[in-house]
Amino acid sequence: MQFVARLLTQTLTAAIATPTLVALVFASVLGVMVVDRLEQARGQSIRSAFAQDTGEITLRIEERLRTYRQVLKGAHALFQASETVSRDEWRRYVAALNLPAEYPGIQGVGFAAHIPADQLARHERAMRAEGFPDYRVSPPGSRDEYSAIIYLEPFDWRNQRAFGYDMLSEPVRRQAMTQALHSGLPALSGKVRLVQETAIDPQAGVLLYMPLFRRGADLGSPARREHALLGWVYGPFRMNDLVAGALAETGPRIRLRIHDGHDTTPATLLFDSHPDGDNTPDLSDRKLLELDGRVWTLVFEDSPGPGARPTAHWLETGAVVLICSLLVLLTAAAAAARSRAHALDRISSSLRSSEARYSTLVNLSRDGIAALDAKLNFSFVNPRLARLLGYPEDSLIGTPFSKLWPPGEPAVRNRLLTRLQRGEPSSYEQDLLTADGRTLTAIVTDAPQRDKDGGLQGVILSVTDISERKASEERIRYLATHDSLTGLSNRASFLEQMNTSLLMARRQHSRFALLYLDLDHFKEINDSLGHAAGDALLIETAQRLRHCLRASDLLARQGGDEFMALLHDMAGMNEALAVAEKIRRAVGAPIVLEGHEALVSVSIGVALYPDHGTDLDSLTRRADAAMYRNKSSGRTGDGSAVTRPAGQ
């Protein structure tokens, strides 16, 4: 440093200061501009990353609530598929959902019955008769109508605190329940303190309600819906548990506060990821999220702090300072023109490097990125988008964006062009056609670029493939109606289809047979050879049962080693018994499990419509009773494992 200072002093003295001063001023201005530009680029990069993180967090929260809405729809379907849903059936259904692992944040799945005031006493007597001698609806008091939480699983110590609670007695819950009743759609409540909360780790809560009406009732008006109301299927959520998973990938840097409604006061605060944070943020954003009749305001804040500056930033700033210093020294020591040329060359190299860097970011992006001209024709496509759509990169240039849309949407282009000409960006879900004719579901984000006169100059597109997420949603719907092990329909789906068959049989004056099947000796095989062998036995049994039935017949796994079958268009009991005997022989054939030959038999109960019943409840009870008589008789393999209802 002493040598540099001595050289600078000698040069200034020899040059009479003028060229050196000019170079010093030039270098100072240039350095400030370059550092400012680098700082702007860094700030833009941070803001873009912040916007992307907040958008992803918002999307994950929205997707989580949508997924939990499907859980309530499945529970609602369970009621619609049965005349009654017992407490044990409700417990087994919720246990199968595996809430803690698959749906974190939801405290349970419950059902609250609607109770007119004149039926309150009878309701409490009925619940006490079920084995709850101390049961009563709370809080006490005289009201026009009541609700009572009678099913809430898992029925652990926390959820038992809500057993019998009248949610209509609390204004916030009542508003959401009334909204769901009048609209017939799911409704999300405002901020509440859940009855399950204790003094340990208290959290704000919300509840999602879905009204349950009497099956087949006329719901054409609010009054008729109130008359047909049975209650509400609902789910309680603790906000910290619900939102924590959506923030896991962003780390502790971003602070998220969620408020109920548009106000951001402490009274409306549902969730705060940093409750002790009070620093002034460097970045902030606010998003509105509409969920089942409620609006949540999501406030994001980011404070990277002084230590968050990347090493590259300091290196770039140091490089700028060094270049400017060298420019002054070279100008003072040699010709000013040569020094300026050298500085310009370095600046050009930096600009080319920046251009190459941003070009690399676009080309390596995980999202598809494209540019459209003023006529919405492609002018640029990055490699990711070309791969998503299955086209060579250059083949899309000059092609209209609307070519990728499914047919039958001629008005969409005009609406899109009108909005873009107004300079309004948007993000929306869009189906796109790939080169091989497949349909790709994507989130398309567009940003119009306008010239100095305000006209549309072009559009920047970002395309995010969400096809896998859509497939996951279809998988959830499939699992709600099918047994995951055998691929057969589950009990709820079977009873729903059986109800349809019953209506057709009444209309066509035809017969059908209901078979209840229970495997004998399954537990011995399962215990001796293991659960894997037991699963293999159930899968093989399902295949044998399919081969014994017609394509028009229905087959389902009721649970465990029990199955149900519905045989359409039966001439009489003898034909149904013949099918049952065919099943008995097929199931009784030897099967090799884990290198061992196993023999099982099946007990079958048969009920015939309309001979043994004219409704679902009577037919299922008769078939089930016949099957259990066979099971208790202990006789298999000689034809005695197939019986009809007693007295037939």
# chains A, B, ... in the order shown; residues from 1 in each chain; ligands from 1
call {"tool": "residues_around", "arguments": {"residues": "stretch 428-434 of chain A", "least_positions_apart": "3", "cutoff": "6 Å", "atoms": "only C-alpha atoms", "output": "list in words"}}
result
Leu389, Gly390, Leu404, Trp405, Gly437, Arg438, Thr439, Leu440, Thr441, Ala442, Ile443 and Val444 of chain A
call {"tool": "residues_around", "arguments": {"residues": "stretch 370-373 of chain A", "least_positions_apart": "4", "cutoff": "12 Å", "atoms": "only C-alpha atoms", "output": "number ranges by chain"}}
result
A: 362-363, 365, 377-386, 393-394, 396-402, 417, 420-421, 444-450, 455-464
call {"tool": "residues_around", "arguments": {"residues": "A:Val71", "least_positions_apart": "5", "cutoff": "12 Å", "atoms": "only C-alpha atoms", "output": "PyMOL selection string"}}
result
chain A and resi 64-66+76-78+93-94+96-99+102-103+106+108-110+186+208-210+233-235+473+476-477+479-480
call {"tool": "write_last_selection", "arguments": {"atoms": "C-alpha atoms", "output": "JSON list (two decimals), in the first residue's frame"}}
result
[["chain", "number", "residue", "atom", "x", "y", "z"],
["A", 64, "ARG", "CA", -53.39, -28.96, 1.86],
["A", 65, "LEU", "CA", -56.85, -27.48, 2.60],
["A", 66, "ARG", "CA", -58.20, -28.89, -0.67],
["A", 76, "HIS", "CA", -69.82, -37.50, 3.82],
["A", 77, "ALA", "CA", -70.00, -40.26, 1.20],
["A", 78, "LEU", "CA", -69.83, -42.88, 3.96],
["A", 93, "TYR", "CA", -62.98, -45.42, 8.52],
["A", 94, "VAL", "CA", -61.02, -42.61, 10.21],
["A", 96, "ALA", "CA", -57.81, -46.14, 7.81],
["A", 97, "LEU", "CA", -57.08, -42.52, 6.81],
["A", 98, "ASN", "CA", -53.96, -42.50, 9.05],
["A", 99, "LEU", "CA", -54.48, -38.81, 9.90],
["A", 102, "GLU", "CA", -51.07, -38.41, 5.88],
["A", 103, "TYR", "CA", -52.97, -35.27, 6.96],
["A", 106, "ILE", "CA", -56.31, -32.04, 11.16],
["A", 108, "GLY", "CA", -59.88, -35.50, 13.67],
["A", 109, "VAL", "CA", -62.92, -36.19, 11.51],
["A", 110, "GLY", "CA", -66.22, -35.76, 13.27],
["A", 186, "PRO", "CA", -68.21, -26.84, 2.54],
["A", 208, "LEU", "CA", -64.32, -26.96, 8.07],
["A", 209, "TYR", "CA", -68.00, -27.97, 7.86],
["A", 210, "MET", "CA", -69.91, -29.98, 5.27],
["A", 233, "VAL", "CA", -69.42, -33.64, 8.91],
["A", 234, "TYR", "CA", -66.52, -31.49, 10.06],
["A", 235, "GLY", "CA", -62.82, -31.33, 10.74],
["A", 473, "GLU", "CA", -55.75, -36.17, -6.64],
["A", 476, "ILE", "CA", -56.98, -40.12, -3.64],
["A", 477, "ARG", "CA", -60.45, -40.33, -5.20],
["A", 479, "LEU", "CA", -58.57, -44.98, -2.77],
["A", 480, "ALA", "CA", -61.77, -43.51, -1.30]]
call {"tool": "closest_residue", "arguments": {"among": "A:Gly560, A:Asp276, A:Gly55, A:Gln107", "to": "A:Val299", "atoms": "only C-alpha atoms"}}
result
A:Gly55
call {"tool": "closest_atom_pairs", "arguments": {"of": "stretch 41-106 of chain A", "to": "stretch 600-617 of chain A", "cutoff": "12 Å", "atoms": "only C-alpha atoms", "output": "Markdown table"}}
result
| residue | atom | partner | partner_atom | distance |
| --- | --- | --- | --- | --- |
| A:Ala81 | CA | A:Leu616 | CA | 10.2 |
| A:Ser82 | CA | A:Leu616 | CA | 8.4 |
| A:Glu83 | CA | A:Asp617 | CA | 7.3 |
| A:Thr84 | CA | A:Asp617 | CA | 9.1 |
| A:Val85 | CA | A:Asp617 | CA | 11.7 |
call {"tool": "residues_around", "arguments": {"residues": "A:Val195", "least_positions_apart": "6", "cutoff": "10 Å", "atoms": "only C-alpha atoms", "output": "number ranges by chain"}}
result
A: 158-163, 165, 167, 205, 236
call {"tool": "write_last_selection", "arguments": {"atoms": "C-alpha atoms", "output": "PDB file, in the first residue's frame"}}
result
ATOM      1  CA  ARG A 158     -57.926 -34.339  23.457  1.00  0.00           C
ATOM      2  CA  ASN A 159     -60.941 -35.047  21.239  1.00  0.00           C
ATOM      3  CA  GLN A 160     -62.947 -36.456  24.152  1.00  0.00           C
ATOM      4  CA  ARG A 161     -63.044 -32.892  25.511  1.00  0.00           C
ATOM      5  CA  ALA A 162     -65.287 -31.964  22.561  1.00  0.00           C
ATOM      6  CA  PHE A 163     -67.686 -34.927  22.919  1.00  0.00           C
ATOM      7  CA  TYR A 165     -70.248 -29.955  22.542  1.00  0.00           C
ATOM      8  CA  MET A 167     -71.048 -25.809  18.233  1.00  0.00           C
ATOM      9  CA  GLY A 205     -58.041 -23.047  15.325  1.00  0.00           C
ATOM     10  CA  PRO A 236     -61.042 -29.209  13.396  1.00  0.00           C
TER      11      PRO A 236
END
call {"tool": "residues_around", "arguments": {"residues": "A:Arg557", "least_positions_apart": "5", "cutoff": "9 Å", "atoms": "only C-alpha atoms", "output": "PyMOL selection string"}}
result
chain A and resi 482-483+486-491+494+542+562-565
call {"tool": "residues_around", "arguments": {"residues": "stretch 224-230 of chain A", "least_positions_apart": "3", "cutoff": "7 Å", "atoms": "only C-alpha atoms", "output": "list of chain:residue names"}}
result
A:Ala113, A:His114, A:Leu181, A:Leu212, A:Phe213, A:Arg214, A:Ala217, A:Asp218, A:Leu219, A:Gly220, A:Ser221
call {"tool": "write_last_selection", "arguments": {"atoms": "C-alpha atoms", "output": "mmCIF file, in the first residue's frame"}}
result
data_model
loop_
_atom_site.group_PDB
_atom_site.id
_atom_site.type_symbol
_atom_site.label_atom_id
_atom_site.label_comp_id
_atom_site.auth_asym_id
_atom_site.auth_seq_id
_atom_site.Cartn_x
_atom_site.Cartn_y
_atom_site.Cartn_z
ATOM 1 C CA ALA A 113 -75.882 -34.086 14.857
ATOM 2 C CA HIS A 114 -78.570 -31.413 14.458
ATOM 3 C CA LEU A 181 -76.391 -25.326 5.474
ATOM 4 C CA LEU A 212 -75.281 -33.748 5.723
ATOM 5 C CA PHE A 213 -78.871 -34.018 4.515
ATOM 6 C CA ARG A 214 -81.362 -36.824 4.596
ATOM 7 C CA ALA A 217 -84.552 -35.205 0.279
ATOM 8 C CA ASP A 218 -85.547 -32.209 -1.839
ATOM 9 C CA LEU A 219 -82.863 -29.514 -1.303
ATOM 10 C CA GLY A 220 -84.242 -26.916 -3.692
ATOM 11 C CA SER A 221 -84.666 -24.123 -1.134
#
call {"tool": "select_by_dssp", "arguments": {"residues": "stretch 145-230 of chain A", "states": "strand (DSSP E or B)", "output": "ChimeraX atom specification"}}
result
/A:145-153,165,187-188,192,205-213,229-230
call {"tool": "atom_distance", "arguments": {"atom1": "atom CA of A:Gly293", "atom2": "atom CA of A:Gly184"}}
result
11.9 Å
call {"tool": "residues_around", "arguments": {"residues": "A:Asn240", "least_positions_apart": "2", "cutoff": "10 Å", "atoms": "only C-alpha atoms", "output": "PyMOL selection string"}}
result
chain A and resi 105+201-205+237-238+242-245+270-273
call {"tool": "select_by_dssp", "arguments": {"residues": "stretch 141-251 of chain A", "states": "alpha helix (DSSP H)", "output": "mmCIF file with C-alpha atoms, in the first residue's frame"}}
result
data_model
loop_
_atom_site.group_PDB
_atom_site.id
_atom_site.type_symbol
_atom_site.label_atom_id
_atom_site.label_comp_id
_atom_site.auth_asym_id
_atom_site.auth_seq_id
_atom_site.Cartn_x
_atom_site.Cartn_y
_atom_site.Cartn_z
ATOM 1 C CA TRP A 157 -58.088 -37.606 25.385
ATOM 2 C CA ARG A 158 -57.926 -34.339 23.457
ATOM 3 C CA ASN A 159 -60.941 -35.047 21.239
ATOM 4 C CA GLN A 160 -62.947 -36.456 24.152
ATOM 5 C CA PRO A 171 -71.254 -17.379 17.138
ATOM 6 C CA VAL A 172 -68.191 -17.953 14.904
ATOM 7 C CA ARG A 173 -68.861 -21.670 14.512
ATOM 8 C CA ARG A 174 -72.587 -21.052 14.070
ATOM 9 C CA GLN A 175 -71.918 -18.613 11.210
ATOM 10 C CA ALA A 176 -69.871 -21.199 9.290
ATOM 11 C CA MET A 177 -72.373 -24.000 9.988
ATOM 12 C CA THR A 178 -75.262 -21.810 8.810
ATOM 13 C CA GLN A 179 -73.325 -20.854 5.693
ATOM 14 C CA ALA A 180 -72.695 -24.517 4.867
ATOM 15 C CA LEU A 181 -76.391 -25.326 5.474
ATOM 16 C CA HIS A 182 -77.698 -22.556 3.214
ATOM 17 C CA SER A 183 -75.187 -23.121 0.391
ATOM 18 C CA PRO A 222 -83.120 -23.057 2.206
ATOM 19 C CA ALA A 223 -86.253 -24.079 4.100
ATOM 20 C CA ARG A 224 -86.185 -27.575 2.585
ATOM 21 C CA ARG A 225 -82.488 -27.917 3.355
ATOM 22 C CA GLU A 226 -83.133 -26.972 6.974
ATOM 23 C CA HIS A 227 -85.940 -29.544 7.148
ATOM 24 C CA ALA A 228 -83.692 -32.278 5.644
ATOM 25 C CA MET A 239 -53.201 -23.713 12.726
ATOM 26 C CA ASN A 240 -49.590 -24.271 13.841
ATOM 27 C CA ASP A 241 -49.794 -27.983 13.025
ATOM 28 C CA LEU A 242 -51.597 -27.247 9.748
ATOM 29 C CA VAL A 243 -49.198 -24.638 8.364
ATOM 30 C CA ALA A 244 -45.864 -25.884 9.750
#
